[in-house]
$ cat structure.cif   # mmCIF, C-alpha atoms
data_final
loop_
_atom_site.group_PDB
_atom_site.id
_atom_site.type_symbol
_atom_site.label_atom_id
_atom_site.label_comp_id
_atom_site.auth_asym_id
_atom_site.auth_seq_id
_atom_site.Cartn_x
_atom_site.Cartn_y
_atom_site.Cartn_z
ATOM 1 C CA MET Q 1 -13.353 14.411 -5.258
ATOM 2 C CA MET Q 2 -16.220 12.443 -3.699
ATOM 3 C CA VAL Q 3 -15.654 9.539 -6.125
ATOM 4 C CA GLN Q 4 -11.959 9.377 -5.180
ATOM 5 C CA ARG Q 5 -12.878 9.360 -1.490
ATOM 6 C CA ALA Q 6 -15.389 6.516 -2.034
ATOM 7 C CA ARG Q 7 -12.746 4.479 -3.902
ATOM 8 C CA PHE Q 8 -10.223 5.081 -1.140
ATOM 9 C CA VAL Q 9 -12.712 4.003 1.563
ATOM 10 C CA SER Q 10 -13.547 0.836 -0.386
ATOM 11 C CA MET Q 11 -9.804 0.102 -0.759
ATOM 12 C CA LEU Q 12 -9.342 0.470 3.001
ATOM 13 C CA MET Q 13 -12.243 -1.902 3.668
ATOM 14 C CA LEU Q 14 -10.779 -4.426 1.235
ATOM 15 C CA CYS Q 15 -7.374 -3.936 2.841
ATOM 16 C CA SER Q 16 -8.809 -4.696 6.267
ATOM 17 C CA THR Q 17 -10.444 -7.898 5.002
ATOM 18 C CA LEU Q 18 -7.376 -9.131 3.123
ATOM 19 C CA THR Q 19 -4.992 -8.525 6.013
ATOM 20 C CA ARG Q 20 -6.907 -11.017 8.186
ATOM 21 C CA ARG Q 21 -6.369 -13.884 5.741
ATOM 22 C CA ASN Q 22 -3.494 -16.342 5.837
ATOM 23 C CA ALA Q 23 -0.266 -14.655 4.711
ATOM 24 C CA ARG Q 24 0.868 -17.620 2.601
ATOM 25 C CA ASP Q 25 -1.833 -16.761 0.045
ATOM 26 C CA PHE Q 26 -0.320 -13.397 -0.720
ATOM 27 C CA SER Q 27 2.439 -11.944 -2.807
ATOM 28 C CA SER Q 28 5.326 -9.718 -1.869
ATOM 29 C CA LYS Q 29 3.487 -6.600 -3.106
ATOM 30 C CA LEU Q 30 1.843 -4.272 -0.587
ATOM 31 C CA PHE Q 31 -0.822 -1.591 -0.976
ATOM 32 C CA VAL Q 32 -0.097 1.542 1.063
ATOM 33 C CA GLY Q 33 -3.033 3.886 1.662
ATOM 34 C CA GLY Q 34 -3.600 7.082 3.597
ATOM 35 C CA LEU Q 35 -0.407 8.723 2.374
ATOM 36 C CA SER Q 36 0.115 12.434 2.688
ATOM 37 C CA TYR Q 37 -0.042 14.183 -0.671
ATOM 38 C CA ASP Q 38 3.557 15.241 0.019
ATOM 39 C CA THR Q 39 4.841 11.658 0.378
ATOM 40 C CA ASN Q 40 6.929 10.625 -2.607
ATOM 41 C CA GLU Q 41 8.577 7.366 -3.677
ATOM 42 C CA THR Q 42 11.868 8.189 -1.953
ATOM 43 C CA ILE Q 43 10.138 8.700 1.395
ATOM 44 C CA LEU Q 44 8.090 5.519 0.962
ATOM 45 C CA LYS Q 45 11.223 3.545 0.125
ATOM 46 C CA ASP Q 46 12.982 4.922 3.209
ATOM 47 C CA VAL Q 47 10.067 3.834 5.413
ATOM 48 C CA PHE Q 48 9.951 0.260 4.067
ATOM 49 C CA SER Q 49 13.639 -0.469 3.334
ATOM 50 C CA PRO Q 50 14.552 -1.569 6.897
ATOM 51 C CA TYR Q 51 12.333 -4.642 6.400
ATOM 52 C CA GLY Q 52 13.985 -6.086 3.293
ATOM 53 C CA GLN Q 53 15.075 -5.667 -0.289
ATOM 54 C CA ILE Q 54 12.638 -3.453 -2.174
ATOM 55 C CA MET Q 55 12.150 -4.257 -5.841
ATOM 56 C CA GLU Q 56 9.683 -1.477 -6.709
ATOM 57 C CA VAL Q 57 8.026 1.555 -5.115
ATOM 58 C CA LYS Q 58 5.185 3.436 -6.779
ATOM 59 C CA VAL Q 59 3.181 6.399 -5.496
ATOM 60 C CA VAL Q 60 0.119 6.799 -7.712
ATOM 61 C CA CYS Q 61 -0.227 10.340 -9.067
ATOM 62 C CA ASP Q 62 -2.871 12.251 -10.968
ATOM 63 C CA HIS Q 63 -1.977 12.419 -14.678
ATOM 64 C CA ARG Q 64 -2.986 16.048 -15.052
ATOM 65 C CA SER Q 65 -1.661 17.686 -11.899
ATOM 66 C CA GLY Q 66 1.139 15.246 -11.096
ATOM 67 C CA LYS Q 67 0.075 15.287 -7.429
ATOM 68 C CA SER Q 68 -0.131 12.148 -5.332
ATOM 69 C CA LYS Q 69 -3.523 10.474 -5.020
ATOM 70 C CA GLY Q 70 -2.649 9.400 -1.475
ATOM 71 C CA PHE Q 71 -1.802 5.753 -2.090
ATOM 72 C CA GLY Q 72 0.911 3.602 -3.561
ATOM 73 C CA PHE Q 73 2.550 0.186 -3.749
ATOM 74 C CA VAL Q 74 5.746 -1.413 -2.462
ATOM 75 C CA ARG Q 75 7.075 -4.729 -3.805
ATOM 76 C CA PHE Q 76 9.642 -6.726 -1.854
ATOM 77 C CA ALA Q 77 12.020 -9.422 -3.077
ATOM 78 C CA GLN Q 78 10.479 -12.009 -0.713
ATOM 79 C CA ASN Q 79 7.073 -12.643 0.842
ATOM 80 C CA ALA Q 80 8.555 -12.826 4.353
ATOM 81 C CA GLU Q 81 9.972 -9.325 3.974
ATOM 82 C CA ALA Q 82 6.584 -7.986 2.900
ATOM 83 C CA ARG Q 83 4.922 -9.702 5.864
ATOM 84 C CA ALA Q 84 7.439 -8.159 8.299
ATOM 85 C CA ALA Q 85 6.921 -4.699 6.799
ATOM 86 C CA LEU Q 86 3.137 -5.025 6.941
ATOM 87 C CA GLU Q 87 3.235 -6.020 10.605
ATOM 88 C CA LYS Q 88 5.550 -3.152 11.590
ATOM 89 C CA VAL Q 89 4.412 -0.268 9.360
ATOM 90 C CA ASP Q 90 0.603 -0.680 9.231
ATOM 91 C CA GLY Q 91 -0.945 2.112 11.296
ATOM 92 C CA GLN Q 92 2.331 4.029 11.712
ATOM 93 C CA SER Q 93 2.656 7.758 11.065
ATOM 94 C CA VAL Q 94 4.392 8.830 7.844
ATOM 95 C CA ASP Q 95 4.544 12.537 6.991
ATOM 96 C CA GLY Q 96 1.959 13.231 9.684
ATOM 97 C CA ARG Q 97 -0.602 10.643 8.454
ATOM 98 C CA ASN Q 98 -1.373 7.179 9.807
ATOM 99 C CA ILE Q 99 -1.001 4.825 6.864
ATOM 100 C CA ARG Q 100 -2.751 1.534 6.094
ATOM 101 C CA VAL Q 101 -0.789 -1.346 4.615
ATOM 102 C CA CYS Q 102 -2.192 -4.576 3.180
ATOM 103 C CA TYR Q 103 -1.282 -7.269 0.681
ATOM 104 C CA VAL Q 104 -2.006 -7.021 -3.021
ATOM 105 C CA ASN Q 105 -2.943 -10.296 -4.694
ATOM 106 C CA LYS Q 106 -5.031 -11.710 -7.524
ATOM 107 C CA GLU Q 107 -8.214 -11.719 -5.417
ATOM 108 C CA ALA Q 108 -7.807 -8.027 -4.655
ATOM 109 C CA LYS Q 109 -7.390 -7.223 -8.344
ATOM 110 C CA GLU Q 110 -10.446 -9.310 -9.270
ATOM 111 C CA ALA Q 111 -12.582 -7.607 -6.594
ATOM 112 C CA LYS Q 112 -12.317 -4.205 -8.310
#

$ encode --input "structure.cif" --output "structure tokens"
Amino acid sequence: MMVQRARFVSMLMLCSTLTRRNARDFSSKLFVGGLSYDTNETILKDVFSPYGQIMEVKVVCDHRSGKSKGFGFVRFAQNAEARAALEKVDGQSVDGRNIRVCYVNKEAKEAK
């Protein structure tokens, strides 16, 4: 449990750093952290769909229990749609939790 919390905190710190960079360097895929364990892919899609065409939604779940790990990913058809969603949804309440949204890109993957 403590290891998962440390990973989540490091993801949020990385998210904060990446969000400050120039948006043109990023893809149309967003990391969504701080999700309620009850939030599923349908709910996440409903939250992000007003901002553009969603290509993929994934809530990461534990393989054994099947329960959400509290984070996920949303991929839009276009970068501009992802940028609009990030600006509007970051910090908003979803299922009673304030979520964090940031870009996913090659640098983020390499920083792991």

$ closest_residue --input "structure.cif" --among "Q:Lys88, Q:Lys58, Q:Lys69, Q:Arg75" --to "Ser36 in chain Q" --atoms "all atoms listed in the file"
Q:Lys69

$ closest_residue --input "structure.cif" --among "Q:Asn98, Q:Tyr103, Q:Asp62, Q:Tyr37" --to "Ala84 in chain Q" --atoms "only C-alpha atoms"
Q:Tyr103

$ residues_around --input "structure.cif" --residues "Phe73 in chain Q" --least-positions-apart "3" --cutoff "10 Å" --atoms "only C-alpha atoms" --output "PyMOL selection string"
chain Q and resi 29-33+41+44+56-60+101-104

$ closest_residue --input "structure.cif" --among "Q:Ile54, Q:Gly34, Q:Asn105, Q:Gly66" --to "Asp90 in chain Q" --atoms "only C-alpha atoms"
Q:Gly34

$ atom_distance --input "structure.cif" --atom1 "CA of Ser49 in chain Q" --atom2 "CA of Ile99 in chain Q"
16.0 Å

$ atom_distance --input "structure.cif" --atom1 "CA of Thr39 in chain Q" --atom2 "CA of Tyr51 in chain Q"
18.9 Å

$ atom_distance --input "structure.cif" --atom1 "CA of Arg97 in chain Q" --atom2 "CA of Gly70 in chain Q"
10.2 Å

$ closest_residue --input "structure.cif" --among "Q:Met55, Q:Val89, Q:Leu35, Q:Val47" --to "Phe76 in chain Q" --atoms "only C-alpha atoms"
Q:Met55

$ closest_residue --input "structure.cif" --among "Q:Lys45, Q:Gln53, Q:Asn40, Q:His63" --to "Asn79 in chain Q" --atoms "only C-alpha atoms"
Q:Gln53

$ axis_aligned_box --input "structure.cif" --around "range 84-93 of chain Q" --padding-each-side "8 Å" --output "AutoDock Vina command-line options"
--center_x 3.2 --center_y -0.2 --center_z 9.3 --size_x 24.4 --size_y 31.9 --size_z 20.9

$ closest_residue --input "structure.cif" --among "Q:Ala85, Q:Ala80, Q:Gly96, Q:Gly72" --to "Thr42 in chain Q" --atoms "all atoms listed in the file"
Q:Gly72
